[in-house]
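A.B. asks: Take this structure, written in structure tokens, and hold onto it; I'll ask about it next.
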Amino acid sequence: MGEWFTVRRSDEGVQLLDQRRLPEEEVYLTLGSVEEIAQAIEDLVVRGAPAIGCTAALGLARAAELSAATDVPALVRDLEPAFERLARTRPTAVNLFWALGRMREVLESEASASGANVEALRTRLRDEAERILAEDFASCRAIGGAGLELVPDGARILTHCNAGALATAGYGTALGIVRAAAEAGRQIQVLADETRPFLQGARLTAWELSRDDIPVTVITDNMAGHLMQRGDVDLVIVGADRIAANGDVANKIGTYTVAVLAREHDIPFYVAAPLTTIDLATPSGDQIPIEERGREEVAEFGARPVVPAGVPVRHPAFDVTPARLVTAIVTEKGVVRPPYSETLRALYRETPRAVRTAES
Ligand code: MRU
């Protein structure tokens, strides 16, 4: 991969590649306060479920650094508004709540330990946030390795949104499989849905794959059916913002449409996601909160209005693909197939602490 990164800790705060400005400009922001970090998540400076979780964890560690508390109970009290603010940023990506839950676990267990020391607790939170990033990167590599078996030489792979290095601590989930296949010497080609309205496919997937010299062609979202009908797509791989216990998958708006098209054309539809995206506490997709974003994302293209003033628009940011349309889910623990209500749960029997969300 080239010399760039999605999210990093620095002594001045959290550093983020400003994804709103890609592909024209590669600009890094350093965000020093929790409010700035939360706004960066809301404004899509950083996006993608795992990257949101990583950023929130670093944000919480930053809050501990900024607190003037001189004893542990004061630090615990000081961090409450940071937990609350970061949890309010984006509702669909369960990795956000998972990461905050994990930070809270550390806080609670360390704070209740005898002889707890405020400076040691700050260090512990910082280390935990860094560990979340390192683990996410390792999970993406493992997803790439696990998914290799699904990608034959010569495969033409359609993807939606950006589930790449830009959406994770690095390497990517759906694009992690693409990268692993390219590294294994397979001649693959990626078709990237542009992904209206925020253009994660056109701007971000195309940017990061072209940086890695992986062949990528951008299509508008409404071309996917036509290309499938012509036999130009061999398989679909997408990421996920949250996978319910029954295997229903919430992902970027338009993913469901792609899954329906794939089924109609007998094309395998794969979802790549780490265990941190699986939410066993949510039984099915209809209970997944779907983020609504602002009118301007749909009613404007760039800064230019494309919808007459006063005409309403709809703006859900995600949709739910029913489990029955998902051929397999690729995790860092391997490829999981239906019945998902059994096979997903089995993953956690080997990894008991993997899921705990901070929503409830
Ligand atoms: O609104 P976004 O850009 O955060 O949506 C991102 C997606 O839908 C991704 O596919 C998902 O988060 C998986 S990222 C590995």
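Residues in the structure tokens are named by chain (A, B, ... in the order shown) and by number from 1 within that chain; ligands are numbered from 1 in the order shown.
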Distance table requested - segment 3-94 of chain A against segment 287-292 of chain A, cut-off 10 Å, only C-alpha atoms: one row per qualifying residue with the closest atom pair and its distance in Å to one decimal, ordered by chain and rising residue number, as a tab-separated table.

C.D. replies:
residue	atom	partner	partner_atom	distance
A:Thr89	CA	A:Glu291	CA	10.0
A:Arg90	CA	A:Glu291	CA	6.9
A:Pro91	CA	A:Glu291	CA	5.9
A:Thr92	CA	A:Pro289	CA	5.5
A:Ala93	CA	A:Pro289	CA	9.1
A:Val94	CA	A:Ile288	CA	9.3

A.B. asks: Please dump the current selection as a PDB file, in the first residue's frame; keep N, CA, C and O atoms.

C.D. replies:
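Listing of again-v9.pdb after writing:
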ATOM      1  N   THR A  89     -22.962   9.693  17.407  1.00  0.00           N
ATOM      2  CA  THR A  89     -22.522  10.152  16.088  1.00  0.00           C
ATOM      3  C   THR A  89     -23.231   9.451  14.934  1.00  0.00           C
ATOM      4  O   THR A  89     -23.809  10.101  14.077  1.00  0.00           O
ATOM      5  N   ARG A  90     -23.141   8.106  14.905  1.00  0.00           N
ATOM      6  CA  ARG A  90     -23.741   7.380  13.780  1.00  0.00           C
ATOM      7  C   ARG A  90     -24.384   6.099  14.330  1.00  0.00           C
ATOM      8  O   ARG A  90     -23.693   5.277  14.934  1.00  0.00           O
ATOM      9  N   PRO A  91     -25.668   5.907  14.080  1.00  0.00           N
ATOM     10  CA  PRO A  91     -26.382   4.831  14.789  1.00  0.00           C
ATOM     11  C   PRO A  91     -26.272   3.427  14.193  1.00  0.00           C
ATOM     12  O   PRO A  91     -26.519   2.453  14.898  1.00  0.00           O
ATOM     13  N   THR A  92     -25.924   3.294  12.924  1.00  0.00           N
ATOM     14  CA  THR A  92     -26.037   1.967  12.290  1.00  0.00           C
ATOM     15  C   THR A  92     -24.794   1.115  12.509  1.00  0.00           C
ATOM     16  O   THR A  92     -24.901  -0.094  12.764  1.00  0.00           O
ATOM     17  N   ALA A  93     -23.626   1.722  12.409  1.00  0.00           N
ATOM     18  CA  ALA A  93     -22.367   0.968  12.520  1.00  0.00           C
ATOM     19  C   ALA A  93     -22.193   0.445  13.940  1.00  0.00           C
ATOM     20  O   ALA A  93     -21.874   1.194  14.862  1.00  0.00           O
ATOM     21  N   VAL A  94     -22.358  -0.863  14.118  1.00  0.00           N
ATOM     22  CA  VAL A  94     -22.318  -1.402  15.477  1.00  0.00           C
ATOM     23  C   VAL A  94     -20.900  -1.388  16.025  1.00  0.00           C
ATOM     24  O   VAL A  94     -20.696  -1.411  17.248  1.00  0.00           O
TER      25      VAL A  94
END

A.B. asks: Would you mind listing what lies within 9 Å of Ala250 of chain A as a VMD selection string, with only C-alpha atoms counted and same-chain residues fewer than 4 positions away left out?

C.D. replies: chain A and resid 92 to 93 240 to 244 255 to 256 285 288 290 318 to 322

A.B. asks: Dump as JSON lines the rows for residues of chain A within 9 Å of ligand 1: closest atom pair and distance in Å with one decimal, only C-alpha atoms and all ligand atoms counted, ordered by chain and rising residue number.

C.D. replies:
{"residue": "A:Ile41", "atom": "CA", "partner": "ligand 1", "partner_atom_place_in_ligand_line": "4 (O)", "distance": 8.6}
{"residue": "A:Leu44", "atom": "CA", "partner": "ligand 1", "partner_atom_place_in_ligand_line": "4 (O)", "distance": 6.9}
{"residue": "A:Val46", "atom": "CA", "partner": "ligand 1", "partner_atom_place_in_ligand_line": "4 (O)", "distance": 7.6}
{"residue": "A:Arg47", "atom": "CA", "partner": "ligand 1", "partner_atom_place_in_ligand_line": "4 (O)", "distance": 3.9}
{"residue": "A:Gly48", "atom": "CA", "partner": "ligand 1", "partner_atom_place_in_ligand_line": "12 (O)", "distance": 3.5}
{"residue": "A:Ala49", "atom": "CA", "partner": "ligand 1", "partner_atom_place_in_ligand_line": "12 (O)", "distance": 3.8}
{"residue": "A:Pro50", "atom": "CA", "partner": "ligand 1", "partner_atom_place_in_ligand_line": "15 (C)", "distance": 5.9}
{"residue": "A:Ala51", "atom": "CA", "partner": "ligand 1", "partner_atom_place_in_ligand_line": "14 (S)", "distance": 7.4}
{"residue": "A:Ile52", "atom": "CA", "partner": "ligand 1", "partner_atom_place_in_ligand_line": "4 (O)", "distance": 7.6}
{"residue": "A:Arg90", "atom": "CA", "partner": "ligand 1", "partner_atom_place_in_ligand_line": "4 (O)", "distance": 8.4}
{"residue": "A:Thr92", "atom": "CA", "partner": "ligand 1", "partner_atom_place_in_ligand_line": "12 (O)", "distance": 8.8}
{"residue": "A:Ala93", "atom": "CA", "partner": "ligand 1", "partner_atom_place_in_ligand_line": "12 (O)", "distance": 6.5}
{"residue": "A:Asn95", "atom": "CA", "partner": "ligand 1", "partner_atom_place_in_ligand_line": "12 (O)", "distance": 8.9}
{"residue": "A:Cys140", "atom": "CA", "partner": "ligand 1", "partner_atom_place_in_ligand_line": "15 (C)", "distance": 8.8}
{"residue": "A:His160", "atom": "CA", "partner": "ligand 1", "partner_atom_place_in_ligand_line": "10 (O)", "distance": 7.0}
{"residue": "A:Cys161", "atom": "CA", "partner": "ligand 1", "partner_atom_place_in_ligand_line": "10 (O)", "distance": 5.4}
{"residue": "A:Asn162", "atom": "CA", "partner": "ligand 1", "partner_atom_place_in_ligand_line": "10 (O)", "distance": 5.4}
{"residue": "A:Ala163", "atom": "CA", "partner": "ligand 1", "partner_atom_place_in_ligand_line": "15 (C)", "distance": 3.7}
{"residue": "A:Gly164", "atom": "CA", "partner": "ligand 1", "partner_atom_place_in_ligand_line": "15 (C)", "distance": 5.8}
{"residue": "A:Ala165", "atom": "CA", "partner": "ligand 1", "partner_atom_place_in_ligand_line": "15 (C)", "distance": 7.8}
{"residue": "A:Leu166", "atom": "CA", "partner": "ligand 1", "partner_atom_place_in_ligand_line": "14 (S)", "distance": 8.1}
{"residue": "A:Ala167", "atom": "CA", "partner": "ligand 1", "partner_atom_place_in_ligand_line": "14 (S)", "distance": 4.6}
{"residue": "A:Thr168", "atom": "CA", "partner": "ligand 1", "partner_atom_place_in_ligand_line": "15 (C)", "distance": 5.7}
{"residue": "A:Gly172", "atom": "CA", "partner": "ligand 1", "partner_atom_place_in_ligand_line": "15 (C)", "distance": 5.8}
{"residue": "A:Thr173", "atom": "CA", "partner": "ligand 1", "partner_atom_place_in_ligand_line": "15 (C)", "distance": 5.1}
{"residue": "A:Ala174", "atom": "CA", "partner": "ligand 1", "partner_atom_place_in_ligand_line": "15 (C)", "distance": 6.9}
{"residue": "A:Leu175", "atom": "CA", "partner": "ligand 1", "partner_atom_place_in_ligand_line": "15 (C)", "distance": 8.3}
{"residue": "A:Phe198", "atom": "CA", "partner": "ligand 1", "partner_atom_place_in_ligand_line": "3 (O)", "distance": 7.6}
{"residue": "A:Leu199", "atom": "CA", "partner": "ligand 1", "partner_atom_place_in_ligand_line": "3 (O)", "distance": 8.7}
{"residue": "A:Gln200", "atom": "CA", "partner": "ligand 1", "partner_atom_place_in_ligand_line": "3 (O)", "distance": 6.2}
{"residue": "A:Val238", "atom": "CA", "partner": "ligand 1", "partner_atom_place_in_ligand_line": "10 (O)", "distance": 6.2}
{"residue": "A:Gly239", "atom": "CA", "partner": "ligand 1", "partner_atom_place_in_ligand_line": "13 (C)", "distance": 4.1}
{"residue": "A:Ala240", "atom": "CA", "partner": "ligand 1", "partner_atom_place_in_ligand_line": "13 (C)", "distance": 4.3}
{"residue": "A:Asp241", "atom": "CA", "partner": "ligand 1", "partner_atom_place_in_ligand_line": "12 (O)", "distance": 4.4}
{"residue": "A:Arg242", "atom": "CA", "partner": "ligand 1", "partner_atom_place_in_ligand_line": "12 (O)", "distance": 8.1}
{"residue": "A:Ala250", "atom": "CA", "partner": "ligand 1", "partner_atom_place_in_ligand_line": "8 (O)", "distance": 7.8}
{"residue": "A:Asn251", "atom": "CA", "partner": "ligand 1", "partner_atom_place_in_ligand_line": "8 (O)", "distance": 4.4}
{"residue": "A:Lys252", "atom": "CA", "partner": "ligand 1", "partner_atom_place_in_ligand_line": "8 (O)", "distance": 3.6}
{"residue": "A:Ile253", "atom": "CA", "partner": "ligand 1", "partner_atom_place_in_ligand_line": "8 (O)", "distance": 7.4}
{"residue": "A:Thr255", "atom": "CA", "partner": "ligand 1", "partner_atom_place_in_ligand_line": "8 (O)", "distance": 8.4}
{"residue": "A:Ala272", "atom": "CA", "partner": "ligand 1", "partner_atom_place_in_ligand_line": "15 (C)", "distance": 7.8}
{"residue": "A:Ala273", "atom": "CA", "partner": "ligand 1", "partner_atom_place_in_ligand_line": "15 (C)", "distance": 6.6}
{"residue": "A:Pro274", "atom": "CA", "partner": "ligand 1", "partner_atom_place_in_ligand_line": "15 (C)", "distance": 8.4}
{"residue": "A:Thr277", "atom": "CA", "partner": "ligand 1", "partner_atom_place_in_ligand_line": "13 (C)", "distance": 8.5}
{"residue": "A:Glu291", "atom": "CA", "partner": "ligand 1", "partner_atom_place_in_ligand_line": "1 (O)", "distance": 8.9}
{"residue": "A:Ala317", "atom": "CA", "partner": "ligand 1", "partner_atom_place_in_ligand_line": "1 (O)", "distance": 6.3}
{"residue": "A:Phe318", "atom": "CA", "partner": "ligand 1", "partner_atom_place_in_ligand_line": "8 (O)", "distance": 6.9}

A.B. asks: Pick the closest to Arg88 of chain A from A:Ser114, A:Gln39, A:Thr30, A:Thr205: which is it, counting only C-alpha atoms?

C.D. replies: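 Among A:Ser114, A:Gln39, A:Thr30, A:Thr205, it is A:Gln39 that comes nearest to Arg88 of chain A.
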
A.B. asks: With a distance cut-off of 8 Å and only C-alpha atoms, select the neighbouring residues of segment 181-194 of chain A, excluding the residue or stretch itself and same-chain residues fewer than 4 positions from it, and output the selection as a ChimeraX atom specification.

C.D. replies: /A:144,148,151-161,177,199-203,205-206,214-221,224

A.B. asks: Those selected residues, please, written with C-alpha atoms and delivered as a PDB file, in the first residue's frame.

C.D. replies:
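Wrote again.pdb, looks like this:
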ATOM      1  CA  GLY A 144      -8.561 -11.386   3.026  1.00  0.00           C
ATOM      2  CA  LEU A 148      -9.351 -16.050  -1.211  1.00  0.00           C
ATOM      3  CA  VAL A 151     -12.203 -15.505  -5.860  1.00  0.00           C
ATOM      4  CA  PRO A 152     -11.165 -17.460  -8.942  1.00  0.00           C
ATOM      5  CA  ASP A 153      -8.441 -16.247 -11.247  1.00  0.00           C
ATOM      6  CA  GLY A 154      -9.891 -13.777 -13.745  1.00  0.00           C
ATOM      7  CA  ALA A 155     -12.815 -12.859 -11.481  1.00  0.00           C
ATOM      8  CA  ARG A 156     -14.779  -9.692 -12.177  1.00  0.00           C
ATOM      9  CA  ILE A 157     -15.909  -8.484  -8.771  1.00  0.00           C
ATOM     10  CA  LEU A 158     -18.623  -5.926  -8.190  1.00  0.00           C
ATOM     11  CA  THR A 159     -18.520  -3.960  -4.944  1.00  0.00           C
ATOM     12  CA  HIS A 160     -20.708  -1.251  -3.447  1.00  0.00           C
ATOM     13  CA  CYS A 161     -19.622   1.687  -1.276  1.00  0.00           C
ATOM     14  CA  ILE A 177     -10.314  -9.967  -0.124  1.00  0.00           C
ATOM     15  CA  LEU A 199     -19.936   8.558  -3.875  1.00  0.00           C
ATOM     16  CA  GLN A 200     -17.833   6.300  -1.665  1.00  0.00           C
ATOM     17  CA  GLY A 201     -17.377   3.924  -4.605  1.00  0.00           C
ATOM     18  CA  ALA A 202     -16.391   6.496  -7.220  1.00  0.00           C
ATOM     19  CA  ARG A 203     -14.272   8.633  -4.922  1.00  0.00           C
ATOM     20  CA  THR A 205     -12.851   2.640  -3.665  1.00  0.00           C
ATOM     21  CA  ALA A 206     -11.482   3.818  -6.991  1.00  0.00           C
ATOM     22  CA  ILE A 214      -5.599  -3.052  -8.796  1.00  0.00           C
ATOM     23  CA  PRO A 215      -7.755  -2.715 -11.920  1.00  0.00           C
ATOM     24  CA  VAL A 216     -10.943  -0.839 -11.045  1.00  0.00           C
ATOM     25  CA  THR A 217     -13.733   0.539 -13.222  1.00  0.00           C
ATOM     26  CA  VAL A 218     -16.424   2.834 -11.854  1.00  0.00           C
ATOM     27  CA  ILE A 219     -20.061   2.414 -12.868  1.00  0.00           C
ATOM     28  CA  THR A 220     -23.138   4.373 -11.845  1.00  0.00           C
ATOM     29  CA  ASP A 221     -25.337   2.410  -9.462  1.00  0.00           C
ATOM     30  CA  ALA A 224     -25.187  -3.005 -12.212  1.00  0.00           C
TER      31      ALA A 224
END

A.B. asks: If you run DSSP on this backbone, which residues of segment 262-329 of chain A come out as helix (DSSP H, G or I), and could you give them as a list in words?

C.D. replies: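 Secondary structure check on segment 262-329 of chain A, helix (DSSP H, G or I): Ala262, Arg263, Glu264, Leu275, Thr276, Thr277, Gly285, Asp286, Gln287, Arg295, Glu296, Glu297, Val298, Ala299, Ala323, Arg324 and Leu325 of chain A.
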
A.B. asks: Apply DSSP to the structure's backbone, then extract all residues of segment 44-232 of chain A labelled strand (DSSP E or B) and return them as an MDAnalysis selection string.

C.D. replies: chainID A and resid 156:159 189:193 216:219

A.B. asks: I'd like the contact shell of segment 103-108 of chain A - 9 Å cut-off, only C-alpha atoms, skipping same-chain residues fewer than 3 positions apart - returned as a list in words.

C.D. replies: Ala57, Leu60, Ala61, Val76, Phe83, Trp98, Ala99, Leu100, Ala111, Ser112, Ala113, Leu121, Arg124, Leu125, Glu128, Ala129 and Ala358 of chain A

A.B. asks: From the set A:Ala309, A:Ile143, A:Ala299, A:Ala82, which residue has the shortest atom-to-atom contact distance to Leu66 of chain A, counting only C-alpha atoms?

C.D. replies: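 Of the candidates, the smallest distance to Leu66 of chain A is held by A:Ala82.
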
A.B. asks: Please, what distance in Å, to one decimal, runs between atom CA of Arg126 of chain A and atom CA of Tyr348 of chain A?

C.D. replies: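 Separation between atom CA of Arg126 of chain A and atom CA of Tyr348 of chain A: 26.1 Å.
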
A.B. asks: Between A:Ala262, A:Ser284, A:Leu96, A:Gly101, which has the minimum distance to His226 of chain A (counting only C-alpha atoms)?

C.D. replies: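 Residue with the minimum atom-to-atom distance to His226 of chain A: A:Ala262.
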